[in-house]
file start-v4.cif (mmCIF, C-alpha atoms and all ligand atoms)
data_final
loop_
_atom_site.label_atom_id
_atom_site.label_comp_id
_atom_site.auth_asym_id
_atom_site.auth_seq_id
_atom_site.Cartn_x
_atom_site.Cartn_y
_atom_site.Cartn_z
CA MET P 1365 30.79 -2.46 7.16
CA ASN P 1366 30.02 -1.07 10.64
CA LEU P 1367 26.37 -1.13 11.68
CA THR P 1368 24.75 0.80 14.50
CA VAL P 1369 21.26 -0.22 15.58
CA LEU P 1370 19.21 2.37 17.45
CA GLY P 1371 16.64 0.81 19.78
CA ALA P 1372 17.18 -2.39 21.73
CA GLY P 1373 13.53 -3.45 21.79
CA ALA P 1374 12.22 -6.61 20.14
CA TRP P 1375 12.92 -5.55 16.57
CA GLY P 1376 16.24 -3.81 17.16
CA SER P 1377 17.52 -6.89 19.02
CA ALA P 1378 16.38 -9.29 16.30
CA LEU P 1379 18.06 -7.19 13.58
CA THR P 1380 21.24 -6.93 15.66
CA GLY P 1381 21.24 -10.73 15.92
CA LEU P 1382 20.82 -11.16 12.15
CA ALA P 1383 23.72 -8.83 11.36
CA ARG P 1384 25.98 -10.49 13.97
CA PHE P 1385 25.07 -13.91 12.54
CA ASN P 1386 26.60 -12.61 9.29
CA GLY P 1387 29.76 -11.48 11.08
CA CYS P 1388 28.93 -7.78 10.73
CA PRO P 1389 30.34 -5.56 13.53
CA VAL P 1390 27.30 -4.09 15.31
CA GLN P 1391 26.90 -1.46 17.99
CA ALA P 1392 23.50 -1.46 19.66
CA TRP P 1393 22.33 1.82 21.17
CA SER P 1394 19.45 2.32 23.53
CA ARG P 1395 18.64 5.40 25.57
CA HIS P 1396 19.15 3.41 28.78
CA GLY P 1397 22.43 1.78 27.73
CA GLU P 1398 26.02 2.81 28.46
CA LEU P 1399 26.99 3.66 24.88
CA THR P 1400 26.47 7.36 24.18
CA LEU P 1401 24.58 8.36 21.06
CA GLY P 1402 27.66 10.30 19.89
CA ALA P 1403 29.86 7.19 20.10
CA ALA P 1404 27.13 5.06 18.51
CA ILE P 1405 26.91 7.16 15.35
CA ASP P 1406 30.62 7.90 15.07
CA ARG P 1407 32.12 6.21 12.01
CA CYS P 1408 29.14 3.95 11.34
CA ASP P 1409 28.55 2.99 7.71
CA VAL P 1410 24.95 1.97 8.27
CA LEU P 1411 22.68 3.49 10.92
CA LEU P 1412 19.49 1.50 11.47
CA SER P 1413 16.62 2.86 13.50
CA ALA P 1414 14.32 0.32 15.16
CA ILE P 1415 12.91 2.91 17.53
CA SER P 1416 9.16 3.03 17.93
CA MET P 1417 7.43 5.91 16.14
CA GLY P 1418 6.97 8.06 19.23
CA GLY P 1419 10.74 8.27 19.75
CA VAL P 1420 11.84 8.91 16.16
CA PRO P 1421 11.52 12.74 15.95
CA GLU P 1422 13.37 13.21 19.26
CA THR P 1423 16.18 10.82 18.27
CA VAL P 1424 16.50 12.43 14.84
CA ARG P 1425 16.85 15.86 16.48
CA LYS P 1426 19.56 14.55 18.84
CA ILE P 1427 21.53 13.07 15.95
CA GLN P 1428 21.15 16.28 13.93
CA ALA P 1429 22.66 18.19 16.84
CA LEU P 1430 25.57 15.73 17.02
CA GLY P 1431 26.14 15.65 13.25
CA LEU P 1432 26.17 12.58 10.99
CA SER P 1433 28.52 11.75 8.11
CA PRO P 1434 26.69 12.26 4.77
CA HIS P 1435 28.08 8.87 3.71
CA THR P 1436 26.21 6.96 6.42
CA VAL P 1437 23.33 4.93 5.00
CA ILE P 1438 20.23 5.46 7.16
CA VAL P 1439 17.84 2.51 7.47
CA SER P 1440 14.38 3.02 8.92
CA ALA P 1441 12.73 -0.14 10.29
CA THR P 1442 9.95 1.65 12.19
CA LYS P 1443 6.32 1.01 11.14
CA GLY P 1444 4.29 4.05 12.08
CA LEU P 1445 3.12 7.57 11.26
CA ASP P 1446 4.18 10.72 13.08
CA ALA P 1447 1.29 12.32 14.99
CA ALA P 1448 2.67 15.85 14.60
CA THR P 1449 3.47 15.90 10.87
CA LEU P 1450 1.48 12.88 9.59
CA GLN P 1451 4.74 11.78 7.90
CA THR P 1452 6.34 8.36 7.70
CA PRO P 1453 9.53 7.76 9.72
CA SER P 1454 11.78 7.58 6.65
CA HIS P 1455 10.42 10.97 5.57
CA ILE P 1456 11.47 12.42 8.92
CA TRP P 1457 14.95 10.95 8.54
CA HIS P 1458 15.19 12.25 4.97
CA ASP P 1459 14.09 15.77 5.96
CA ALA P 1460 16.77 15.89 8.63
CA PHE P 1461 19.53 14.27 6.57
CA PRO P 1462 18.82 15.09 2.90
CA GLN P 1463 22.37 14.15 1.84
CA ASN P 1464 22.26 10.62 3.25
CA PRO P 1465 21.00 7.58 1.38
CA ILE P 1466 17.76 6.38 3.01
CA VAL P 1467 16.61 2.75 3.01
CA VAL P 1468 13.35 1.34 4.38
CA LEU P 1469 13.45 -2.19 5.81
CA SER P 1470 10.03 -3.81 6.14
CA GLY P 1471 8.39 -7.20 5.68
CA PRO P 1472 6.58 -10.06 7.42
CA ASN P 1473 9.02 -10.09 10.32
CA LEU P 1474 7.64 -11.10 13.68
CA ALA P 1475 10.73 -10.48 15.82
CA LYS P 1476 10.22 -13.52 18.05
CA GLU P 1477 10.33 -15.94 15.11
CA ILE P 1478 13.50 -14.32 13.81
CA GLU P 1479 15.08 -14.50 17.28
CA ASP P 1480 14.20 -18.22 17.28
CA GLY P 1481 16.20 -18.66 14.05
CA LEU P 1482 13.19 -19.47 11.88
CA PRO P 1483 13.45 -18.68 8.15
CA GLY P 1484 11.95 -15.44 6.87
CA ALA P 1485 12.22 -12.72 4.24
CA THR P 1486 12.11 -8.95 4.09
CA VAL P 1487 12.39 -5.99 1.73
CA VAL P 1488 14.99 -3.24 1.69
CA ALA P 1489 13.76 -0.34 -0.42
CA SER P 1490 15.51 2.79 -1.59
CA VAL P 1491 15.60 5.13 -4.53
CA GLN P 1492 19.35 4.51 -4.42
CA ALA P 1493 19.83 0.91 -5.52
CA THR P 1494 23.41 0.66 -4.24
CA ALA P 1495 22.30 1.71 -0.74
CA ALA P 1496 19.59 -0.97 -0.72
CA GLN P 1497 22.13 -3.55 -1.89
CA ARG P 1498 24.57 -2.61 0.87
CA VAL P 1499 21.87 -3.05 3.49
CA ARG P 1500 20.75 -6.32 1.88
CA ASP P 1501 24.29 -7.67 2.26
CA VAL P 1502 24.36 -6.81 5.96
CA PHE P 1503 21.26 -8.88 6.74
CA ALA P 1504 20.88 -11.54 4.03
CA SER P 1505 21.67 -15.11 5.06
CA ASP P 1506 20.39 -18.63 4.56
CA ARG P 1507 17.80 -17.93 7.28
CA PHE P 1508 16.77 -14.45 6.07
CA ARG P 1509 16.12 -13.65 2.41
CA VAL P 1510 16.36 -9.95 1.65
CA TYR P 1511 14.73 -8.54 -1.48
CA THR P 1512 15.54 -5.09 -2.87
CA ASN P 1513 12.85 -2.70 -4.05
CA ALA P 1514 12.88 0.84 -5.48
CA ASP P 1515 9.67 2.02 -3.74
CA PRO P 1516 10.58 3.00 -0.16
CA LEU P 1517 7.31 4.84 0.48
CA GLY P 1518 5.11 1.93 -0.65
CA THR P 1519 7.27 -0.51 1.33
CA GLU P 1520 6.97 1.63 4.45
CA LEU P 1521 3.24 2.28 4.08
CA GLY P 1522 2.46 -1.41 3.61
CA GLY P 1523 4.16 -2.22 6.93
CA THR P 1524 2.48 0.68 8.65
CA LEU P 1525 -1.10 0.34 7.42
CA LYS P 1526 -1.36 -3.40 8.06
CA ASN P 1527 -1.08 -2.70 11.79
CA VAL P 1528 -4.53 -1.06 11.68
CA ILE P 1529 -5.92 -4.09 9.87
CA ALA P 1530 -4.28 -6.46 12.38
CA ILE P 1531 -6.27 -4.74 15.14
CA ALA P 1532 -9.47 -5.36 13.14
CA VAL P 1533 -8.54 -9.01 12.60
CA GLY P 1534 -7.73 -9.40 16.31
CA VAL P 1535 -11.28 -8.20 17.01
CA CYS P 1536 -12.65 -10.66 14.47
CA ASP P 1537 -10.85 -13.58 16.15
CA GLY P 1538 -11.61 -12.30 19.65
CA LEU P 1539 -15.31 -12.30 18.80
CA LYS P 1540 -14.90 -15.81 17.29
CA LEU P 1541 -16.45 -14.73 14.00
CA GLY P 1542 -14.89 -17.63 12.11
CA THR P 1543 -12.52 -18.24 9.24
CA ASN P 1544 -14.88 -16.97 6.53
CA ALA P 1545 -15.21 -13.59 8.22
CA LYS P 1546 -11.49 -13.34 8.83
CA SER P 1547 -10.66 -14.18 5.20
CA ALA P 1548 -13.21 -11.67 3.95
CA LEU P 1549 -11.86 -8.98 6.27
CA ILE P 1550 -8.21 -9.45 5.25
CA THR P 1551 -9.11 -9.66 1.56
CA ARG P 1552 -11.27 -6.51 1.64
CA ALA P 1553 -8.61 -4.72 3.69
CA LEU P 1554 -6.10 -5.16 0.89
CA PRO P 1555 -7.82 -2.76 -1.57
CA GLU P 1556 -8.21 -0.32 1.33
CA VAL P 1557 -4.46 -0.42 1.98
CA VAL P 1558 -3.76 -0.14 -1.75
CA ARG P 1559 -6.15 2.83 -2.03
CA ILE P 1560 -4.50 4.73 0.82
CA GLY P 1561 -0.97 3.70 -0.12
CA THR P 1562 -1.19 4.61 -3.80
CA HIS P 1563 -2.95 7.89 -2.99
CA LEU P 1564 -0.04 8.79 -0.74
CA GLY P 1565 2.49 7.93 -3.46
CA GLY P 1566 3.35 4.23 -3.06
CA GLN P 1567 3.42 1.95 -6.11
CA ARG P 1568 0.52 -0.45 -6.49
CA ASP P 1569 2.63 -3.59 -6.98
CA THR P 1570 4.51 -3.00 -3.75
CA PHE P 1571 1.33 -3.54 -1.72
CA TYR P 1572 0.93 -7.02 -3.23
CA GLY P 1573 4.47 -7.99 -2.24
CA LEU P 1574 6.21 -9.06 0.96
CA SER P 1575 6.02 -5.66 2.65
CA GLY P 1576 2.30 -5.29 1.87
CA LEU P 1577 0.21 -8.43 1.60
CA GLY P 1578 3.04 -10.51 3.09
CA ASP P 1579 3.24 -8.46 6.26
CA MET P 1580 -0.53 -8.19 6.51
CA LEU P 1581 -0.82 -12.01 6.44
CA ALA P 1582 1.90 -12.42 9.07
CA THR P 1583 0.50 -9.84 11.43
CA CYS P 1584 -3.14 -10.83 10.99
CA SER P 1585 -2.52 -14.53 11.49
CA SER P 1586 -0.26 -14.56 14.53
CA ALA P 1587 -1.00 -14.08 18.19
CA LEU P 1588 2.61 -12.85 18.44
CA SER P 1589 1.47 -9.59 16.84
CA ARG P 1590 0.94 -6.85 19.40
CA ASN P 1591 -1.56 -5.11 17.13
CA TYR P 1592 -3.59 -8.30 16.77
CA GLN P 1593 -3.44 -8.66 20.57
CA VAL P 1594 -4.93 -5.16 20.96
CA GLY P 1595 -7.95 -6.07 18.84
CA TYR P 1596 -8.30 -9.44 20.53
CA GLY P 1597 -8.26 -7.86 23.98
CA LEU P 1598 -10.84 -5.23 23.03
CA ALA P 1599 -13.12 -7.96 21.68
CA GLN P 1600 -12.94 -9.64 25.07
CA GLY P 1601 -14.38 -6.54 26.67
CA LYS P 1602 -11.14 -5.05 28.01
CA THR P 1603 -10.59 -1.30 27.81
CA LEU P 1604 -7.81 0.03 25.60
CA HIS P 1605 -6.03 1.16 28.75
CA GLN P 1606 -6.16 -2.36 30.21
CA VAL P 1607 -4.93 -3.91 26.97
CA MET P 1608 -2.03 -1.48 26.61
CA GLU P 1609 -0.99 -1.91 30.24
CA ASN P 1610 -0.50 -5.65 29.75
CA LEU P 1611 1.04 -5.51 26.28
CA GLN P 1612 4.69 -6.54 25.85
CA GLY P 1613 6.19 -3.89 23.56
CA THR P 1614 4.78 -1.38 21.13
CA ALA P 1615 1.51 -1.67 19.16
CA GLU P 1616 2.01 1.05 16.55
CA GLY P 1617 -1.44 0.48 15.06
CA VAL P 1618 -3.14 2.47 17.83
CA ASN P 1619 -1.34 5.71 17.04
CA THR P 1620 -1.30 4.90 13.31
CA THR P 1621 -5.09 4.57 13.23
CA ASN P 1622 -5.55 8.02 14.75
CA VAL P 1623 -3.05 9.62 12.36
CA LEU P 1624 -4.47 7.71 9.39
CA MET P 1625 -7.98 9.04 10.03
CA ARG P 1626 -6.66 12.62 9.95
CA LEU P 1627 -4.84 11.86 6.69
CA ALA P 1628 -7.90 10.15 5.20
CA GLU P 1629 -10.12 13.11 6.07
CA ARG P 1630 -7.63 15.60 4.69
CA GLU P 1631 -7.14 13.62 1.47
CA GLN P 1632 -10.77 12.43 1.21
CA ILE P 1633 -9.79 8.75 1.03
CA SER P 1634 -12.46 6.18 1.82
CA VAL P 1635 -11.23 3.84 4.62
CA PRO P 1636 -14.26 1.92 5.93
CA ILE P 1637 -12.37 -0.79 7.88
CA SER P 1638 -9.83 1.61 9.39
CA ALA P 1639 -12.68 3.97 10.30
CA GLN P 1640 -14.34 1.25 12.42
CA VAL P 1641 -10.99 0.51 14.10
CA TYR P 1642 -10.69 4.23 14.85
CA ARG P 1643 -14.19 4.35 16.33
CA LEU P 1644 -13.47 1.28 18.46
CA LEU P 1645 -10.13 2.59 19.78
CA ASN P 1646 -11.75 5.89 20.66
CA GLY P 1647 -14.73 4.35 22.47
CA LEU P 1648 -17.27 5.42 19.84
CA VAL P 1649 -18.43 1.91 19.00
CA THR P 1650 -18.41 -1.55 20.58
CA PRO P 1651 -16.59 -4.38 18.76
CA GLN P 1652 -19.96 -5.97 17.94
CA ASP P 1653 -21.40 -2.73 16.55
CA GLY P 1654 -18.27 -2.19 14.46
CA VAL P 1655 -18.89 -5.55 12.80
CA VAL P 1656 -22.55 -4.64 12.16
CA ALA P 1657 -21.49 -1.32 10.61
CA LEU P 1658 -19.17 -3.12 8.16
CA MET P 1659 -21.73 -5.82 7.28
CA ASP P 1660 -24.48 -3.22 6.74
CA ARG P 1661 -22.56 -1.22 4.14
CA GLU P 1662 -24.17 -0.67 0.75
CA LEU P 1663 -23.80 -3.66 -1.60
CA LYS P 1664 -21.48 -3.09 -4.56
CA PRO P 1665 -19.32 -4.77 -7.20
CA GLU P 1666 -16.22 -6.50 -5.83
CA TRP P 1667 -13.96 -4.44 -8.11
CA TRP P 1668 -14.42 -0.93 -9.43
CA ALA P 1669 -12.53 0.20 -12.52
CA ASP P 1670 -11.78 3.33 -10.49
CA GLU P 1671 -9.66 2.14 -7.55
CA ALA P 1672 -10.36 5.32 -5.60
CA LYS P 1673 -13.85 3.95 -4.97
CA ASP P 1674 -14.45 1.57 -2.10
N1 LIG M 1701 8.55 -6.51 17.06
C1 LIG M 1701 8.41 -6.83 15.79
O1 LIG M 1701 8.10 -7.98 15.48
C2 LIG M 1701 8.59 -5.80 14.73
C3 LIG M 1701 8.53 -4.45 15.00
N2 LIG M 1701 8.67 -3.53 14.00
C4 LIG M 1701 8.60 -2.10 14.27
O2 LIG M 1701 9.78 -1.71 14.95
C5 LIG M 1701 9.49 -0.64 15.84
C6 LIG M 1701 9.95 -1.03 17.24
O3 LIG M 1701 9.19 -2.16 17.61
P1 LIG M 1701 9.64 -3.12 18.79
O4 LIG M 1701 11.11 -3.26 18.84
O5 LIG M 1701 8.84 -4.34 18.66
O6 LIG M 1701 9.14 -2.27 20.04
P2 LIG M 1701 9.66 -2.32 21.51
O7 LIG M 1701 8.59 -1.69 22.33
O8 LIG M 1701 10.13 -3.68 21.86
O9 LIG M 1701 10.94 -1.36 21.48
C7 LIG M 1701 10.82 0.01 21.16
C8 LIG M 1701 12.18 0.60 21.12
O10 LIG M 1701 12.07 2.00 20.83
C9 LIG M 1701 12.83 2.71 21.81
N3 LIG M 1701 12.32 4.05 22.05
C10 LIG M 1701 11.02 4.43 22.23
N4 LIG M 1701 10.96 5.76 22.43
C11 LIG M 1701 12.24 6.23 22.38
C12 LIG M 1701 12.81 7.52 22.51
N5 LIG M 1701 12.08 8.60 22.76
N6 LIG M 1701 14.15 7.62 22.38
C13 LIG M 1701 14.90 6.54 22.14
N7 LIG M 1701 14.42 5.29 22.02
C14 LIG M 1701 13.09 5.14 22.12
C15 LIG M 1701 12.70 1.86 23.06
O11 LIG M 1701 13.69 2.21 23.96
P3 LIG M 1701 13.54 1.86 25.51
O12 LIG M 1701 13.75 0.40 25.59
O13 LIG M 1701 14.63 2.66 26.10
O14 LIG M 1701 12.16 2.28 25.92
C16 LIG M 1701 12.91 0.48 22.45
O15 LIG M 1701 14.27 0.22 22.20
C17 LIG M 1701 7.98 -0.39 15.73
O16 LIG M 1701 7.77 0.66 14.84
C18 LIG M 1701 7.45 -1.69 15.15
O17 LIG M 1701 6.26 -1.51 14.42
C19 LIG M 1701 8.90 -3.92 12.73
C20 LIG M 1701 8.99 -5.24 12.40
C21 LIG M 1701 8.85 -6.29 13.39
O1 LIG M 1702 5.44 -5.74 12.10
C1 LIG M 1702 5.40 -6.82 12.61
C2 LIG M 1702 5.57 -8.06 11.84
O2 LIG M 1702 6.06 -7.81 10.56
C3 LIG M 1702 5.15 -6.95 14.06
O3 LIG M 1702 3.80 -6.79 14.29
P1 LIG M 1702 3.30 -6.22 15.68
O4 LIG M 1702 3.94 -4.86 15.80
O5 LIG M 1702 1.82 -6.19 15.56
O6 LIG M 1702 3.78 -7.15 16.74
#
call {"tool": "encode", "arguments": {"input": "start-v4.cif", "output": "structure tokens"}}
result
Amino acid sequence: MNLTVLGAGAWGSALTGLARFNGCPVQAWSRHGELTLGAAIDRCDVLLSAISMGGVPETVRKIQALGLSPHTVIVSATKGLDAATLQTPSHIWHDAFPQNPIVVLSGPNLAKEIEDGLPGATVVASVQATAAQRVRDVFASDRFRVYTNADPLGTELGGTLKNVIAIAVGVCDGLKLGTNAKSALITRALPEVVRIGTHLGGQRDTFYGLSGLGDMLATCSSALSRNYQVGYGLAQGKTLHQVMENLQGTAEGVNTTNVLMRLAEREQISVPISAQVYRLLNGLVTPQDGVVALMDRELKPEWWADEAKD
């Protein structure tokens, strides 16, 4: 099975390494490399995109113009939301290539740990089980367990929404608010992610699995996470511009937060934690005042029978 990986950033490189470890022939394409996009997509069985969200629509358009075999399985490993359409990356791929099987790959996968050969697990999700299984077999090894799942949207949204929460948790740690506060924040963020994700069409159980809770725990508990680093830097009094200038790689949560707030307003979904992250990123609140706003919220039962309530 021939694999082409689009994007030679941290995640694309780690996934290329995992496939090569399994003996899979891999071509890695990046816009600055020597391999042309035409040659990269020619005769590939699996085309995996690890391009950051901002580059997905442009790359999809280029591949549409070149033409892609309808038999090629497309794998989206991007965790973001498109600012123009408010869509997920796999939706953009599906709209452009409706004949092709689409698989989402997402999980608690800090690229650096995978590059270091540490054990980990992920989810490959598709409405076409055989496509998910083919992708599983490309990446699964004794260092990387790959689970299949039939809910690509829920899998993708879990990986995307946790980036917003990782910014909030970075703030919490940057302000040295303690382990109790951090545990409360992550735990209360979970129903928020479930509320948004299920409203948008993901299945509830998916958000409690590897691609939901699993990825939230990884990203919120590691200083390797770029999104966590954004929150941490803001809590130290840096401006967003200063934080982004010094960041190694992409922190999708910044763009995702802005897109999420537009979605939440349009769909009337209550997102109290994400709303404070939005206000912080847009200079409408200080980190300290964001904490006060969350602590001052009306007291309520921990669980509502109606999950749409916060
Ligand atoms: N790093 C991680 O641990 C993980 C990351 N992800 C997700 O994977 C995605 C990529 O992350 P990561 O690899 O870390 O980010 P990086 O910043 O390291 O790499 C981003 C990649 O996207 C490419 N790219 C950006 N814009 C364009 C464009 N217009 N056309 C073509 N290529 C483009 C970059 O190319 P160039 O180098 O030429 O700029 C680069 O290869 C993100 O959505 C992230 O959330 C998911 C799981 C783990
Ligand atoms: O998605 C990730 C881990 O699963 C990587 O997180 P960051 O993008 O915050 O580094």
call {"tool": "closest_atom_pairs", "arguments": {"input": "start-v4.cif", "of": "chain P", "to": "ligand LIG 1702 (chain M)", "cutoff": "9 Å", "atoms": "only C-alpha atoms and all ligand atoms", "output": "CSV"}}
result
residue,atom,partner,partner_atom,distance
P:Trp1375,CA,M:LIG1702,C3,8.3
P:Thr1442,CA,M:LIG1702,O1,8.7
P:Lys1443,CA,M:LIG1702,O1,6.9
P:Ser1470,CA,M:LIG1702,O2,7.2
P:Gly1471,CA,M:LIG1702,O2,5.4
P:Pro1472,CA,M:LIG1702,O2,3.9
P:Asn1473,CA,M:LIG1702,O2,3.7
P:Leu1474,CA,M:LIG1702,C2,4.1
P:Ala1475,CA,M:LIG1702,C3,6.8
P:Thr1486,CA,M:LIG1702,O2,8.9
P:Gly1523,CA,M:LIG1702,O1,6.4
P:Thr1524,CA,M:LIG1702,O1,7.9
P:Lys1526,CA,M:LIG1702,O1,8.2
P:Asn1527,CA,M:LIG1702,O5,5.9
P:Ala1530,CA,M:LIG1702,O5,6.9
P:Ile1531,CA,M:LIG1702,O5,8.2
P:Ser1575,CA,M:LIG1702,O2,8.2
P:Gly1578,CA,M:LIG1702,O2,8.5
P:Asp1579,CA,M:LIG1702,O2,5.2
P:Met1580,CA,M:LIG1702,O2,7.7
P:Ala1582,CA,M:LIG1702,C2,6.3
P:Thr1583,CA,M:LIG1702,O3,5.3
P:Cys1584,CA,M:LIG1702,O5,8.2
P:Ser1586,CA,M:LIG1702,O5,8.7
P:Ala1587,CA,M:LIG1702,O6,8.5
P:Leu1588,CA,M:LIG1702,O6,6.1
P:Ser1589,CA,M:LIG1702,O6,3.4
P:Arg1590,CA,M:LIG1702,O6,3.9
P:Asn1591,CA,M:LIG1702,O5,3.9
P:Tyr1592,CA,M:LIG1702,O5,5.9
P:Gln1593,CA,M:LIG1702,O5,7.7
P:Val1594,CA,M:LIG1702,O5,8.7
P:Gly1613,CA,M:LIG1702,O6,7.9
P:Thr1614,CA,M:LIG1702,O4,6.4
P:Ala1615,CA,M:LIG1702,O4,5.2
P:Glu1616,CA,M:LIG1702,O4,6.3
P:Gly1617,CA,M:LIG1702,O5,7.4
call {"tool": "atom_distance", "arguments": {"input": "start-v4.cif", "atom1": "atom CA of P:Ser1490", "atom2": "atom CA of P:Leu1379"}}
result
18.3 Å
call {"tool": "residues_around", "arguments": {"input": "start-v4.cif", "residues": "P:Ile1560", "least_positions_apart": "6", "cutoff": "8 Å", "atoms": "all atoms listed in the file", "output": "list in words"}}
result
Ala1628, Ile1633 and Val1635 of chain P
call {"tool": "closest_residue", "arguments": {"input": "start-v4.cif", "among": "P:Val1390, P:Val1623, P:Ala1545, P:Met1608", "to": "P:Val1655", "atoms": "all atoms listed in the file"}}
result
P:Ala1545
call {"tool": "residues_around", "arguments": {"input": "start-v4.cif", "residues": "P:Ala1514", "least_positions_apart": "2", "cutoff": "9 Å", "atoms": "all atoms listed in the file", "output": "MDAnalysis selection string"}}
result
chainID P and resid 1488:1493 1496 1512 1516 1519
call {"tool": "closest_residue", "arguments": {"input": "start-v4.cif", "among": "P:Val1502, P:Leu1411, P:Ala1372, P:Ala1378", "to": "ligand LIG 1701 (chain M)", "atoms": "all atoms listed in the file"}}
result
P:Ala1372
call {"tool": "residues_near_point", "arguments": {"input": "start-v4.cif", "point": "(21.9, 14.2, 1.9)", "cutoff": "10 Å", "atoms": "all atoms listed in the file", "output": "PyMOL selection string"}}
result
chain P and resi 1433-1437+1458-1466
call {"tool": "decode", "arguments": {"input": "start-v4.cif", "residues": "stretch 1606-1639 of chain P", "atoms": "C-alpha atoms", "output": "compact mmCIF listing (two decimals), in the first residue's frame"}}
result
# COMPACT_ATOMS: atom_id res chain seq x y z
CA GLN P 1606 4.69 37.56 21.53
CA VAL P 1607 3.57 34.03 22.35
CA MET P 1608 2.89 33.13 18.72
CA GLU P 1609 6.20 34.58 17.57
CA ASN P 1610 8.14 32.24 19.85
CA LEU P 1611 5.97 29.15 19.35
CA GLN P 1612 7.48 26.14 17.55
CA GLY P 1613 4.77 24.98 15.14
CA THR P 1614 1.03 25.48 14.91
CA ALA P 1615 -1.38 26.13 17.81
CA GLU P 1616 -4.71 25.42 16.13
CA GLY P 1617 -6.68 26.35 19.25
CA VAL P 1618 -6.31 30.08 18.56
CA ASN P 1619 -8.14 29.96 15.24
CA THR P 1620 -10.46 27.20 16.50
CA THR P 1621 -11.61 29.35 19.42
CA ASN P 1622 -12.60 32.20 17.10
CA VAL P 1623 -14.45 29.87 14.73
CA LEU P 1624 -16.06 27.99 17.61
CA MET P 1625 -17.54 31.19 19.06
CA ARG P 1626 -19.19 31.97 15.72
CA LEU P 1627 -20.58 28.43 15.59
CA ALA P 1628 -21.75 28.58 19.20
CA GLU P 1629 -23.54 31.89 18.60
CA ARG P 1630 -25.15 30.62 15.41
CA GLU P 1631 -26.27 27.36 17.05
CA GLN P 1632 -27.01 28.90 20.47
CA ILE P 1633 -24.71 26.47 22.31
CA SER P 1634 -23.56 27.44 25.79
CA VAL P 1635 -19.72 27.37 25.96
CA PRO P 1636 -18.67 29.19 29.14
CA ILE P 1637 -15.03 28.00 29.26
CA SER P 1638 -14.40 28.49 25.54
CA ALA P 1639 -16.03 31.93 25.78
